[in-house]
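Coordinates from protein_24.csv are shown below (CSV, C-alpha atoms).
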chain,number,residue,atom,x,y,z
T,503,MET,CA,0.0,0.0,0.0
T,504,VAL,CA,1.2,3.5,-0.9
T,505,PRO,CA,0.6,5.8,2.1
T,506,HIS,CA,-0.4,9.4,1.6
T,507,ASP,CA,2.4,11.9,2.0
T,508,SER,CA,1.1,14.5,4.5
T,509,ALA,CA,3.4,17.1,2.9
T,510,ARG,CA,1.6,16.6,-0.4
T,511,PRO,CA,-1.9,17.9,-1.1
T,512,ARG,CA,-4.6,15.5,-1.8
T,513,THR,CA,-5.9,16.0,-5.4
T,514,ALA,CA,-9.4,15.2,-6.6
T,515,LEU,CA,-10.5,14.9,-10.2
T,516,VAL,CA,-14.2,15.9,-10.4
T,517,LEU,CA,-16.1,14.8,-13.5
T,518,SER,CA,-19.4,16.2,-14.5
T,519,GLY,CA,-22.3,14.7,-16.4
T,520,GLY,CA,-23.7,15.2,-19.9
T,521,GLY,CA,-24.2,12.0,-21.8
T,522,ALA,CA,-22.1,11.7,-25.0
T,523,ARG,CA,-20.5,15.0,-24.1
T,524,GLY,CA,-18.4,13.0,-21.6
T,525,ALA,CA,-15.8,12.2,-24.4
T,526,TYR,CA,-14.5,15.8,-23.7
T,527,GLU,CA,-13.3,14.6,-20.3
T,528,VAL,CA,-11.2,11.9,-22.0
T,529,GLY,CA,-9.3,14.5,-24.0
T,530,VAL,CA,-8.4,16.4,-20.8
T,531,LEU,CA,-7.3,13.2,-19.1
T,532,ARG,CA,-5.1,12.4,-22.1
T,533,TYR,CA,-3.3,15.7,-21.7
T,534,LEU,CA,-2.8,15.1,-18.0
T,535,ARG,CA,-1.4,11.6,-18.6
T,536,GLU,CA,0.7,12.1,-21.7
T,537,GLU,CA,1.9,15.7,-22.0
T,538,LEU,CA,1.8,17.3,-18.6
T,539,PRO,CA,4.2,14.8,-17.0
T,540,ARG,CA,6.9,16.0,-19.4
T,541,ARG,CA,6.4,19.5,-18.0
T,542,LEU,CA,6.3,18.4,-14.4
T,543,GLY,CA,8.9,15.8,-14.5
T,544,HIS,CA,6.5,13.3,-12.9
T,545,MET,CA,3.1,11.8,-13.4
T,546,PRO,CA,0.5,14.0,-11.7
T,547,ARG,CA,-1.0,12.1,-8.8
T,548,ILE,CA,-4.8,11.8,-8.5
T,549,ASP,CA,-6.0,10.7,-5.1
T,550,ILE,CA,-9.8,11.0,-5.3
T,551,VAL,CA,-12.1,10.6,-8.3
T,552,CYS,CA,-15.7,11.8,-8.1
T,553,GLY,CA,-18.1,11.4,-11.0
T,554,THR,CA,-21.8,12.0,-11.8
T,555,SER,CA,-23.7,10.7,-14.8
T,556,VAL,CA,-21.4,10.0,-17.7
T,557,GLY,CA,-18.6,11.4,-15.5
T,558,ALA,CA,-19.3,8.4,-13.2
T,559,ILE,CA,-18.5,6.0,-16.2
T,560,ASN,CA,-15.2,7.8,-16.8
T,561,ALA,CA,-14.5,8.0,-13.1
T,562,ALA,CA,-15.0,4.3,-12.6
T,563,PHE,CA,-12.7,3.5,-15.5
T,564,ILE,CA,-10.0,5.9,-14.1
T,565,ALA,CA,-10.3,4.2,-10.7
T,566,ALA,CA,-10.1,0.7,-12.2
T,567,THR,CA,-6.9,1.6,-14.2
T,568,ALA,CA,-5.2,3.8,-11.6
T,569,ASP,CA,-2.3,1.3,-11.5
T,570,ASP,CA,-1.5,2.1,-15.1
T,571,PRO,CA,-1.7,5.9,-15.5
T,572,THR,CA,0.6,6.0,-18.6
T,573,GLN,CA,-1.9,3.9,-20.7
T,574,GLN,CA,-5.1,4.9,-18.8
T,575,ALA,CA,-6.2,7.7,-21.1
T,576,ARG,CA,-5.4,5.9,-24.4
T,577,ARG,CA,-7.4,2.8,-23.2
T,578,LEU,CA,-10.4,5.0,-22.3
T,579,GLU,CA,-10.1,6.9,-25.6
T,580,ARG,CA,-10.2,3.6,-27.5
T,581,ASN,CA,-13.4,2.7,-25.7
T,582,TRP,CA,-15.0,6.0,-26.7
T,583,ARG,CA,-13.8,5.8,-30.3
T,584,ALA,CA,-15.3,2.3,-30.6
T,585,LEU,CA,-18.9,3.6,-29.9
T,586,ARG,CA,-21.5,3.1,-32.5
T,587,ILE,CA,-24.8,4.8,-31.7
T,588,ASP,CA,-27.0,2.2,-33.5
T,589,GLN,CA,-25.5,-0.4,-31.3
T,590,LEU,CA,-26.0,1.5,-28.1
T,591,ILE,CA,-29.4,3.2,-28.9
T,592,ASP,CA,-31.1,1.3,-31.7
T,593,LEU,CA,-34.6,2.7,-32.3
T,594,SER,CA,-37.4,0.4,-33.6
T,595,MET,CA,-41.1,0.8,-34.3
T,596,ALA,CA,-41.7,-1.0,-31.0
T,597,ASP,CA,-39.7,1.8,-29.3
T,598,LEU,CA,-41.9,4.4,-31.0
T,599,PHE,CA,-45.1,2.8,-29.8
T,600,ARG,CA,-43.6,2.4,-26.4
T,601,THR,CA,-42.7,6.1,-26.3
T,602,VAL,CA,-46.2,7.2,-27.4
T,603,ARG,CA,-47.8,5.0,-24.8
T,604,LEU,CA,-45.6,6.4,-22.0
T,605,LEU,CA,-46.2,10.0,-23.1
T,606,MET,CA,-50.0,9.3,-23.1
T,607,GLY,CA,-49.8,8.1,-19.5
T,608,GLY,CA,-49.7,4.4,-20.1
T,609,THR,CA,-48.3,2.0,-17.5
T,610,PRO,CA,-44.5,1.6,-17.9
T,611,PRO,CA,-43.8,-1.8,-19.4
T,612,ALA,CA,-41.5,-4.4,-17.8
T,613,PRO,CA,-37.8,-4.1,-18.4
T,614,ARG,CA,-36.6,-5.1,-21.8
T,615,PRO,CA,-34.5,-8.3,-22.0
T,616,GLY,CA,-31.0,-7.6,-20.7
T,617,GLU,CA,-31.8,-4.3,-19.2
T,618,LEU,CA,-31.4,-3.5,-15.5
T,619,GLY,CA,-34.2,-0.9,-15.2
T,620,ALA,CA,-37.4,0.3,-16.6
T,621,GLY,CA,-39.4,3.4,-17.5
T,622,GLY,CA,-37.1,5.1,-20.1
T,623,LEU,CA,-38.1,6.1,-23.6
T,624,LEU,CA,-35.0,4.7,-25.1
T,625,SER,CA,-33.5,1.2,-25.0
T,626,THR,CA,-30.3,1.2,-23.0
T,627,GLY,CA,-29.3,-2.4,-23.3
T,628,GLY,CA,-26.4,-1.5,-25.6
T,629,LEU,CA,-25.1,1.1,-23.3
T,630,GLN,CA,-25.4,-1.3,-20.4
T,631,ARG,CA,-23.4,-4.0,-22.2
T,632,PHE,CA,-20.8,-1.4,-23.1
T,633,VAL,CA,-20.3,-0.3,-19.5
T,634,LEU,CA,-20.3,-3.9,-18.2
T,635,ARG,CA,-17.6,-5.0,-20.7
T,636,ARG,CA,-15.4,-2.0,-21.0
T,637,VAL,CA,-14.6,-1.2,-17.4
T,638,PRO,CA,-12.3,-3.6,-15.6
T,639,TRP,CA,-14.5,-3.5,-12.5
T,640,LYS,CA,-12.3,-5.6,-10.2
T,641,GLY,CA,-9.6,-3.1,-10.5
T,642,ILE,CA,-11.4,-0.5,-8.5
T,643,SER,CA,-11.2,-2.3,-5.2
T,644,ALA,CA,-7.7,-3.6,-6.0
T,645,ASN,CA,-6.3,-0.2,-6.7
T,646,ILE,CA,-7.8,1.4,-3.6
T,647,ALA,CA,-6.5,-1.4,-1.5
T,648,ALA,CA,-3.0,-1.0,-3.1
T,649,GLY,CA,-3.0,2.7,-2.5
T,650,HIS,CA,-3.0,3.8,-6.2
T,651,LEU,CA,-6.2,5.7,-5.3
T,652,GLU,CA,-7.7,6.7,-2.0
T,653,SER,CA,-11.4,6.9,-2.9
T,654,LEU,CA,-14.0,6.9,-5.6
T,655,SER,CA,-17.5,8.4,-5.4
T,656,VAL,CA,-20.5,8.1,-7.7
T,657,SER,CA,-23.6,10.3,-7.2
T,658,THR,CA,-27.2,9.2,-8.1
T,659,THR,CA,-30.6,10.7,-7.5
T,660,HIS,CA,-33.0,8.6,-5.5
T,661,VAL,CA,-36.2,8.6,-7.6
T,662,ALA,CA,-38.8,8.3,-4.8
T,663,SER,CA,-37.4,11.2,-2.6
T,664,GLY,CA,-35.4,13.2,-5.1
T,665,ASN,CA,-32.5,13.2,-2.8
T,666,THR,CA,-28.8,12.8,-3.8
T,667,VAL,CA,-27.1,9.6,-2.8
T,668,VAL,CA,-23.3,9.6,-2.9
T,669,TYR,CA,-21.9,6.0,-3.1
T,670,VAL,CA,-18.3,5.9,-1.8
T,671,GLU,CA,-15.7,3.3,-2.1
T,672,ARG,CA,-12.8,4.3,0.1
T,673,ARG,CA,-9.6,2.8,1.6
T,674,GLY,CA,-10.6,1.4,5.0
T,675,GLY,CA,-14.3,1.2,4.0
T,676,GLU,CA,-15.7,3.7,6.4
T,677,LEU,CA,-17.3,7.0,5.4
T,678,PRO,CA,-15.7,10.2,6.6
T,679,PRO,CA,-17.8,12.8,8.4
T,680,TRP,CA,-20.5,13.9,5.9
T,681,SER,CA,-22.9,16.7,5.3
T,682,ARG,CA,-26.0,16.9,7.5
T,683,ASP,CA,-28.0,18.2,4.5
T,684,PRO,CA,-31.2,16.2,4.7
T,685,PHE,CA,-31.3,16.0,0.9
T,686,VAL,CA,-27.9,14.4,0.6
T,687,ARG,CA,-26.9,10.9,1.8
T,688,ALA,CA,-23.7,9.1,1.6
T,689,ARG,CA,-23.4,5.3,1.5
T,690,ALA,CA,-20.3,3.1,1.7
T,691,ALA,CA,-20.3,0.6,-1.2
T,692,ARG,CA,-18.3,-1.6,-3.4
T,693,ILE,CA,-18.9,0.4,-6.6
T,694,GLY,CA,-20.0,-1.6,-9.6
T,695,PRO,CA,-21.7,-1.2,-12.9
T,696,GLN,CA,-25.2,-0.8,-11.4
T,697,HIS,CA,-24.1,2.3,-9.4
T,698,VAL,CA,-22.6,3.8,-12.6
T,699,LEU,CA,-25.5,3.0,-14.8
T,700,ALA,CA,-27.9,4.5,-12.3
T,701,SER,CA,-25.8,7.7,-12.1
T,702,ALA,CA,-25.9,7.9,-15.9
T,703,ALA,CA,-29.6,7.3,-16.3
T,704,ILE,CA,-30.7,10.6,-17.9
T,705,PRO,CA,-34.3,11.2,-16.7
T,706,VAL,CA,-37.1,10.3,-19.1
T,707,LEU,CA,-34.7,9.1,-21.8
T,708,PHE,CA,-33.0,6.3,-20.0
T,709,SER,CA,-34.4,3.7,-17.5
T,710,ALA,CA,-34.0,4.2,-13.8
T,711,VAL,CA,-31.8,1.5,-12.2
T,712,PRO,CA,-32.6,-0.4,-9.0
T,713,LEU,CA,-30.0,-0.1,-6.2
T,714,ASP,CA,-30.6,-1.7,-2.8
T,715,GLY,CA,-34.2,-2.3,-3.9
T,716,GLU,CA,-34.9,1.3,-4.8
T,717,PHE,CA,-34.8,3.1,-8.1
T,718,HIS,CA,-32.1,5.7,-8.9
T,719,CYS,CA,-31.4,7.9,-11.9
T,720,ASP,CA,-29.0,10.6,-13.0
T,721,GLY,CA,-27.1,12.1,-10.2
T,722,GLY,CA,-26.8,15.3,-12.1
T,723,LEU,CA,-30.3,16.4,-11.2
T,724,ARG,CA,-29.0,17.8,-7.9
T,725,GLN,CA,-25.3,17.2,-8.0
T,726,ASN,CA,-23.9,17.3,-11.5
T,727,THR,CA,-20.5,18.6,-10.5
T,728,PRO,CA,-19.6,16.5,-7.4
T,729,ILE,CA,-17.3,19.0,-5.7
T,730,SER,CA,-18.8,18.5,-2.3
T,731,PRO,CA,-18.0,14.8,-2.1
T,732,ALA,CA,-14.4,15.6,-3.1
T,733,LEU,CA,-14.1,18.0,-0.2
T,734,ARG,CA,-15.7,15.5,2.2
T,735,LEU,CA,-13.2,12.9,1.1
T,736,GLY,CA,-10.3,15.1,2.0
T,737,ALA,CA,-9.3,17.0,-1.2
T,738,ASP,CA,-7.0,19.9,-0.8
T,739,ARG,CA,-7.3,20.8,-4.4
T,740,VAL,CA,-9.9,20.0,-7.0
T,741,LEU,CA,-9.6,19.8,-10.8
T,742,VAL,CA,-13.1,20.2,-12.1
T,743,ILE,CA,-14.0,19.2,-15.7
T,744,SER,CA,-17.4,20.4,-16.8
T,745,LEU,CA,-19.2,20.0,-20.1
T,746,ARG,CA,-20.9,23.3,-20.6
T,747,HIS,CA,-19.3,26.0,-22.8
T,748,LEU,CA,-19.3,29.5,-21.3
T,749,PRO,CA,-20.3,31.7,-24.3
T,750,THR,CA,-18.7,35.0,-25.1
T,751,PRO,CA,-20.9,38.1,-25.3
T,752,HIS,CA,-20.7,37.9,-29.1
T,753,GLU,CA,-21.8,34.3,-29.1
T,754,VAL,CA,-24.8,35.2,-26.8
T,755,ALA,CA,-25.8,37.9,-29.2
T,756,VAL,CA,-25.6,35.8,-32.3
T,757,THR,CA,-27.3,32.7,-31.0
T,758,GLY,CA,-30.0,34.8,-29.3
T,759,ALA,CA,-30.8,36.5,-32.6
T,760,GLU,CA,-31.0,33.1,-34.3
T,761,ARG,CA,-33.4,31.7,-31.7
T,762,GLU,CA,-35.7,34.8,-32.1
T,763,GLN,CA,-36.1,34.1,-35.8
T,764,SER,CA,-37.5,30.6,-35.4
T,765,PHE,CA,-40.0,29.1,-33.0
T,766,PRO,CA,-38.1,26.4,-30.9
T,767,SER,CA,-39.3,22.9,-31.3
T,768,PRO,CA,-40.2,20.8,-28.2
T,769,TRP,CA,-37.0,18.8,-28.6
T,770,PHE,CA,-35.0,22.0,-28.7
T,771,LEU,CA,-36.6,23.1,-25.5
T,772,PHE,CA,-36.0,19.6,-24.0
T,773,GLY,CA,-32.3,20.0,-24.7
T,774,LYS,CA,-32.3,23.4,-23.0
T,775,ALA,CA,-34.1,21.9,-20.0
T,776,LEU,CA,-31.4,19.1,-19.8
T,777,ASN,CA,-28.8,21.8,-19.9
T,778,ALA,CA,-30.5,23.6,-17.0
T,779,LEU,CA,-30.8,20.4,-15.0
T,780,LEU,CA,-27.5,18.8,-15.7
T,781,LEU,CA,-25.0,21.4,-16.7
T,782,ASP,CA,-25.7,24.7,-15.0
T,783,HIS,CA,-24.7,23.8,-11.4
T,784,THR,CA,-20.9,24.1,-11.9
T,785,ASP,CA,-20.7,27.9,-11.7
T,786,HIS,CA,-22.8,27.9,-8.5
T,787,ASP,CA,-20.7,25.2,-6.8
T,788,LEU,CA,-17.4,26.9,-7.7
T,789,ASP,CA,-18.7,30.3,-6.6
T,790,ARG,CA,-19.6,28.8,-3.2
T,791,LEU,CA,-16.1,27.3,-2.9
T,792,HIS,CA,-14.5,30.7,-3.8
T,793,ARG,CA,-16.7,32.5,-1.2
T,794,MET,CA,-15.6,30.0,1.5
T,795,ASN,CA,-12.0,30.4,0.6
T,796,GLY,CA,-12.3,34.2,0.6
T,797,MET,CA,-13.9,34.1,4.0
T,798,LEU,CA,-11.1,32.0,5.4
T,799,GLU,CA,-8.4,34.1,3.8
T,800,GLY,CA,-10.0,37.3,5.2
T,801,GLY,CA,-10.3,35.7,8.6
T,802,ILE,CA,-6.6,34.7,8.6
T,803,ARG,CA,-5.6,38.3,7.7
T,804,ALA,CA,-7.9,39.8,10.3
T,805,PHE,CA,-7.3,37.4,13.2
T,806,GLY,CA,-4.1,35.5,12.5
T,807,ASP,CA,-3.1,32.0,11.6
T,808,ARG,CA,-5.2,30.4,14.4
T,809,PHE,CA,-8.5,31.7,12.9
T,810,VAL,CA,-9.4,28.6,11.0
T,811,GLU,CA,-8.5,26.3,13.9
T,812,GLU,CA,-10.7,28.3,16.2
T,813,LEU,CA,-13.5,28.4,13.7
T,814,ASN,CA,-13.4,24.7,13.2
T,815,ARG,CA,-13.6,24.2,17.0
T,816,VAL,CA,-17.2,25.5,16.7
T,817,LEU,CA,-18.0,24.1,13.2
T,818,VAL,CA,-17.0,20.5,13.5
T,819,PRO,CA,-19.7,19.6,16.2
T,820,LEU,CA,-22.3,21.5,14.0
T,821,ARG,CA,-21.5,20.2,10.5
T,822,GLY,CA,-19.4,17.1,11.1
T,823,GLN,CA,-16.3,18.5,9.4
T,824,GLY,CA,-14.2,21.6,9.5
T,825,MET,CA,-13.3,24.1,6.8
T,826,ARG,CA,-10.0,24.6,5.0
T,827,LEU,CA,-8.6,26.5,2.0
T,828,VAL,CA,-9.1,24.4,-1.1
T,829,ARG,CA,-7.4,25.2,-4.4
T,830,ASP,CA,-9.4,24.7,-7.6
T,831,LEU,CA,-9.0,24.7,-11.4
T,832,HIS,CA,-11.9,24.5,-13.8
T,833,ILE,CA,-11.7,23.3,-17.4
T,834,CYS,CA,-14.7,23.6,-19.7
T,835,PRO,CA,-15.2,23.4,-23.5
T,836,SER,CA,-14.0,26.3,-25.5
T,837,GLN,CA,-16.7,25.6,-28.1
T,838,ASP,CA,-20.4,24.9,-27.8
T,839,ILE,CA,-20.8,21.1,-27.8
T,840,GLY,CA,-24.4,21.4,-28.9
T,841,ALA,CA,-23.3,23.3,-32.0
T,842,LEU,CA,-20.6,20.7,-32.7
T,843,ALA,CA,-23.3,18.0,-32.5
T,844,ALA,CA,-25.5,19.8,-35.0
T,845,VAL,CA,-22.6,20.3,-37.5
T,846,TYR,CA,-21.4,16.7,-37.1
T,847,ALA,CA,-24.9,15.1,-37.6
T,848,ARG,CA,-25.6,17.2,-40.7
T,849,ARG,CA,-22.1,16.4,-42.1
T,850,GLU,CA,-21.9,12.7,-41.4
T,851,ARG,CA,-24.2,9.7,-41.9
T,852,VAL,CA,-24.1,8.5,-38.4
T,853,ALA,CA,-26.7,5.7,-38.5
T,854,SER,CA,-29.3,4.2,-40.7
T,855,GLY,CA,-33.0,3.4,-40.2
T,856,LEU,CA,-35.1,5.1,-37.5
T,857,THR,CA,-32.0,5.9,-35.5
T,858,GLY,CA,-30.4,7.8,-38.3
T,859,ARG,CA,-33.6,9.6,-39.2
T,860,ALA,CA,-34.1,10.7,-35.5
T,861,ILE,CA,-30.5,12.0,-35.4
T,862,ARG,CA,-31.0,14.1,-38.6
T,863,TYR,CA,-34.3,15.4,-37.2
T,864,LEU,CA,-32.7,16.5,-33.9
T,865,ALA,CA,-29.9,18.1,-35.8
T,866,GLY,CA,-32.4,20.1,-37.9
T,867,GLU,CA,-31.5,23.5,-39.2
T,868,ALA,CA,-30.6,25.2,-35.9
T,869,SER,CA,-27.1,26.2,-35.1
T,870,GLU,CA,-27.1,23.9,-32.0
T,871,ALA,CA,-28.6,20.6,-31.0
T,872,ASP,CA,-28.3,20.2,-27.2
T,873,LEU,CA,-30.5,17.1,-26.9
T,874,LEU,CA,-28.6,15.4,-29.7
T,875,SER,CA,-25.3,16.2,-28.0
T,876,TYR,CA,-26.4,14.0,-25.0
T,877,LEU,CA,-27.3,11.1,-27.2
T,878,LEU,CA,-24.7,11.1,-29.9
T,879,PHE,CA,-22.7,8.1,-28.7
T,880,ASP,CA,-20.7,7.9,-31.9
T,881,GLY,CA,-17.0,7.1,-32.1
T,882,ASP,CA,-16.1,9.8,-34.6
T,883,TYR,CA,-18.1,12.5,-32.8
T,884,ALA,CA,-16.4,11.3,-29.6
T,885,ALA,CA,-13.0,11.7,-31.3
T,886,ASP,CA,-13.9,15.4,-32.1
T,887,LEU,CA,-14.7,16.0,-28.5
T,888,ILE,CA,-11.6,14.2,-27.2
T,889,GLU,CA,-9.4,16.4,-29.4
T,890,LEU,CA,-11.3,19.5,-28.2
T,891,GLY,CA,-10.7,18.5,-24.5
T,892,HIS,CA,-7.0,17.8,-25.2
T,893,ALA,CA,-6.5,21.2,-26.9
T,894,ASP,CA,-8.4,23.0,-24.1
T,895,ALA,CA,-6.2,21.4,-21.5
T,896,ARG,CA,-3.0,22.1,-23.4
T,897,ALA,CA,-4.1,25.8,-23.6
T,898,ARG,CA,-4.2,25.8,-19.8
T,899,GLU,CA,-0.7,24.2,-19.4
T,900,GLU,CA,0.7,26.9,-17.1
T,901,GLU,CA,-2.2,26.7,-14.8
T,902,LEU,CA,-2.2,22.9,-14.7
T,903,ALA,CA,1.5,22.8,-14.0
T,904,ALA,CA,1.1,25.2,-11.1
T,905,PHE,CA,-1.9,23.3,-9.9
T,906,PHE,CA,-0.1,19.9,-9.8
T,907,ALA,CA,3.2,21.3,-8.4
T,908,GLU,CA,4.4,19.0,-5.7
T,909,ARG,CA,4.9,21.2,-2.6
T,910,PRO,CA,3.6,21.4,0.9
T,911,VAL,CA,0.1,22.8,1.3
T,912,LEU,CA,1.0,25.6,3.8
T,913,GLU,CA,-2.5,27.1,3.4
T,914,ALA,CA,-4.5,23.9,4.1
T,915,VAL,CA,-6.0,23.7,7.6
T,916,SER,CA,-7.5,20.4,8.8
So, in terms of structure tokens, how does the structure I just supplied come out?
Amino acid sequence: MVPHDSARPRTALVLSGGGARGAYEVGVLRYLREELPRRLGHMPRIDIVCGTSVGAINAAFIAATADDPTQQARRLERNWRALRIDQLIDLSMADLFRTVRLLMGGTPPAPRPGELGAGGLLSTGGLQRFVLRRVPWKGISANIAAGHLESLSVSTTHVASGNTVVYVERRGGELPPWSRDPFVRARAARIGPQHVLASAAIPVLFSAVPLDGEFHCDGGLRQNTPISPALRLGADRVLVISLRHLPTPHEVAVTGAEREQSFPSPWFLFGKALNALLLDHTDHDLDRLHRMNGMLEGGIRAFGDRFVEELNRVLVPLRGQGMRLVRDLHICPSQDIGALAAVYARRERVASGLTGRAIRYLAGEASEADLLSYLLFDGDYAADLIELGHADARAREEELAAFFAERPVLEAVS
């Protein structure tokens, strides 16, 4: 077992959700594993991995291959490049009738053969087979036991209550002190494919998945960017990869004018609703982290180095854990992934039959196709997003090098 060096900060990789957009995260990981080490002179250490939705799939793979960081990103990239949408989401006339019946209020049918859950509009048997076969699941526990990784968390949404459930696999097995928020629960678990598939079950589109006898769906409904679990698991610095492009003022003006010229379709609005549910939490979570850091830094300047220690003397009995300064770095797409999906689907013949027709319909004539960007599990499209993630990470090399610098964390207070 590799013990944690107390002089080295614990680093968490936080992976957001967004369906097929998750290929972007692979490109960032490839830069971290293949190019950044040449700048640092060593492989950057990742101690904690936290994922939600598609980020949970990537997080599980990273945890399962933590013993082989040099090949980790390329292996994950090969998985994404091998995707074929008509193998993962293959529409049939039966699916159309099923969808109409569900939308008209019909009783959800029994799970399809080979599927874990029920109630979604789309068949997810192909996606489930992909997750089952492509992640070396036994490696998660083995790597945590060997010290290649300290902990992995996967967030889901409990369907009946709407609460967030954070499943944690951690060295030693026990949970650290957790939030007393009544809407968030943490459970120790040996994380497997069902936890990840539940976390990735986009509401309405994909079937909810049973865990411990209860149905769970996409963790991104309440916790799309799992920064809080990373902090609870002891992270001193968090690298957050989100899947939402932050538009420039010019982009806002141009796309706003285009939307005013045409009445948005229901599917266009559904894509925007998914963005609001699954992508828009990151800025709020990071802003809260920055406010906490600012408060601690101000307290130290005003009252001295013992400020945080004295504050935590009061806070720990109230909230179960103290506060500390936490460094963060946020990487997000430099281009609108919905727009990339629209361009790609109009340019390439992605699939045939009903699946292909549905893709072309969702691409439409608009400049962006947000709903399609969640569903376009196609290897060539994934390759485009991987290259975008890699380029965006390379553009942040100076910040990443400073972030991963191996030095004592003088500002961290336990």
- For each of T:Asn645, T:Ser709, T:Asn814, T:Gln630, take the minimum atom-to-atom distance to Asp549 (chain T), counting only C-alpha atoms, then give the residue where this is smallest. T:Asn645
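Proximity to Ala647 (chain T) was assessed for T:Glu901, T:Asp569, T:Glu811, T:Asp894 counting all atoms listed in the file; the smallest distance is recorded for T:Asp569.
Taking CA of Glu671 (chain T) and CA of Pro705 (chain T) as the two end points, the separation is 24.9 Å.
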- Measure the distance from CA of Ile704 (chain T) to CA of Leu629 (chain T) in Å and round it to one decimal. 12.3 Å
- Selection as a PyMOL selection string: residues within 12 Å of (-26.8, 12.7, -15.7), counting all atoms listed in the file: chain T and resi 517-524+553-559+656-659+698-710+718-728+745+776-781+876-877
Store the residues picked out above in a file with C-alpha atoms, as a JSON list (two decimals), in the frame of the given file.
[["chain", "number", "residue", "atom", "x", "y", "z"],
["T", 517, "LEU", "CA", -16.10, 14.80, -13.50],
["T", 518, "SER", "CA", -19.40, 16.20, -14.50],
["T", 519, "GLY", "CA", -22.30, 14.70, -16.40],
["T", 520, "GLY", "CA", -23.70, 15.20, -19.90],
["T", 521, "GLY", "CA", -24.20, 12.00, -21.80],
["T", 522, "ALA", "CA", -22.10, 11.70, -25.00],
["T", 523, "ARG", "CA", -20.50, 15.00, -24.10],
["T", 524, "GLY", "CA", -18.40, 13.00, -21.60],
["T", 553, "GLY", "CA", -18.10, 11.40, -11.00],
["T", 554, "THR", "CA", -21.80, 12.00, -11.80],
["T", 555, "SER", "CA", -23.70, 10.70, -14.80],
["T", 556, "VAL", "CA", -21.40, 10.00, -17.70],
["T", 557, "GLY", "CA", -18.60, 11.40, -15.50],
["T", 558, "ALA", "CA", -19.30, 8.40, -13.20],
["T", 559, "ILE", "CA", -18.50, 6.00, -16.20],
["T", 656, "VAL", "CA", -20.50, 8.10, -7.70],
["T", 657, "SER", "CA", -23.60, 10.30, -7.20],
["T", 658, "THR", "CA", -27.20, 9.20, -8.10],
["T", 659, "THR", "CA", -30.60, 10.70, -7.50],
["T", 698, "VAL", "CA", -22.60, 3.80, -12.60],
["T", 699, "LEU", "CA", -25.50, 3.00, -14.80],
["T", 700, "ALA", "CA", -27.90, 4.50, -12.30],
["T", 701, "SER", "CA", -25.80, 7.70, -12.10],
["T", 702, "ALA", "CA", -25.90, 7.90, -15.90],
["T", 703, "ALA", "CA", -29.60, 7.30, -16.30],
["T", 704, "ILE", "CA", -30.70, 10.60, -17.90],
["T", 705, "PRO", "CA", -34.30, 11.20, -16.70],
["T", 706, "VAL", "CA", -37.10, 10.30, -19.10],
["T", 707, "LEU", "CA", -34.70, 9.10, -21.80],
["T", 708, "PHE", "CA", -33.00, 6.30, -20.00],
["T", 709, "SER", "CA", -34.40, 3.70, -17.50],
["T", 710, "ALA", "CA", -34.00, 4.20, -13.80],
["T", 718, "HIS", "CA", -32.10, 5.70, -8.90],
["T", 719, "CYS", "CA", -31.40, 7.90, -11.90],
["T", 720, "ASP", "CA", -29.00, 10.60, -13.00],
["T", 721, "GLY", "CA", -27.10, 12.10, -10.20],
["T", 722, "GLY", "CA", -26.80, 15.30, -12.10],
["T", 723, "LEU", "CA", -30.30, 16.40, -11.20],
["T", 724, "ARG", "CA", -29.00, 17.80, -7.90],
["T", 725, "GLN", "CA", -25.30, 17.20, -8.00],
["T", 726, "ASN", "CA", -23.90, 17.30, -11.50],
["T", 727, "THR", "CA", -20.50, 18.60, -10.50],
["T", 728, "PRO", "CA", -19.60, 16.50, -7.40],
["T", 745, "LEU", "CA", -19.20, 20.00, -20.10],
["T", 776, "LEU", "CA", -31.40, 19.10, -19.80],
["T", 777, "ASN", "CA", -28.80, 21.80, -19.90],
["T", 778, "ALA", "CA", -30.50, 23.60, -17.00],
["T", 779, "LEU", "CA", -30.80, 20.40, -15.00],
["T", 780, "LEU", "CA", -27.50, 18.80, -15.70],
["T", 781, "LEU", "CA", -25.00, 21.40, -16.70],
["T", 876, "TYR", "CA", -26.40, 14.00, -25.00],
["T", 877, "LEU", "CA", -27.30, 11.10, -27.20]]
- Task: Measuring atom to atom with only C-alpha atoms, identify which of T:Ile548, T:Val711, T:Leu515, T:Leu817 is nearest to Pro731 (chain T).
- Result: T:Leu515
- Message: I want to know what sits within 9 Å of Pro638 (chain T), based on all atoms listed in the file, with residues of the same chain fewer than 5 positions away left out; could you give that as JSON, numbers by chain?
- Response: {"T": [562, 563, 566, 567]}
- Task: Write out as a PyMOL selection string each polymer residue whose atoms come within 10 Å of Gln574 (chain T), counting all atoms listed in the file; drop sequence neighbours fewer than 2 positions from it.
- Result: chain T and resi 528+531-532+535-536+563-572+576-579
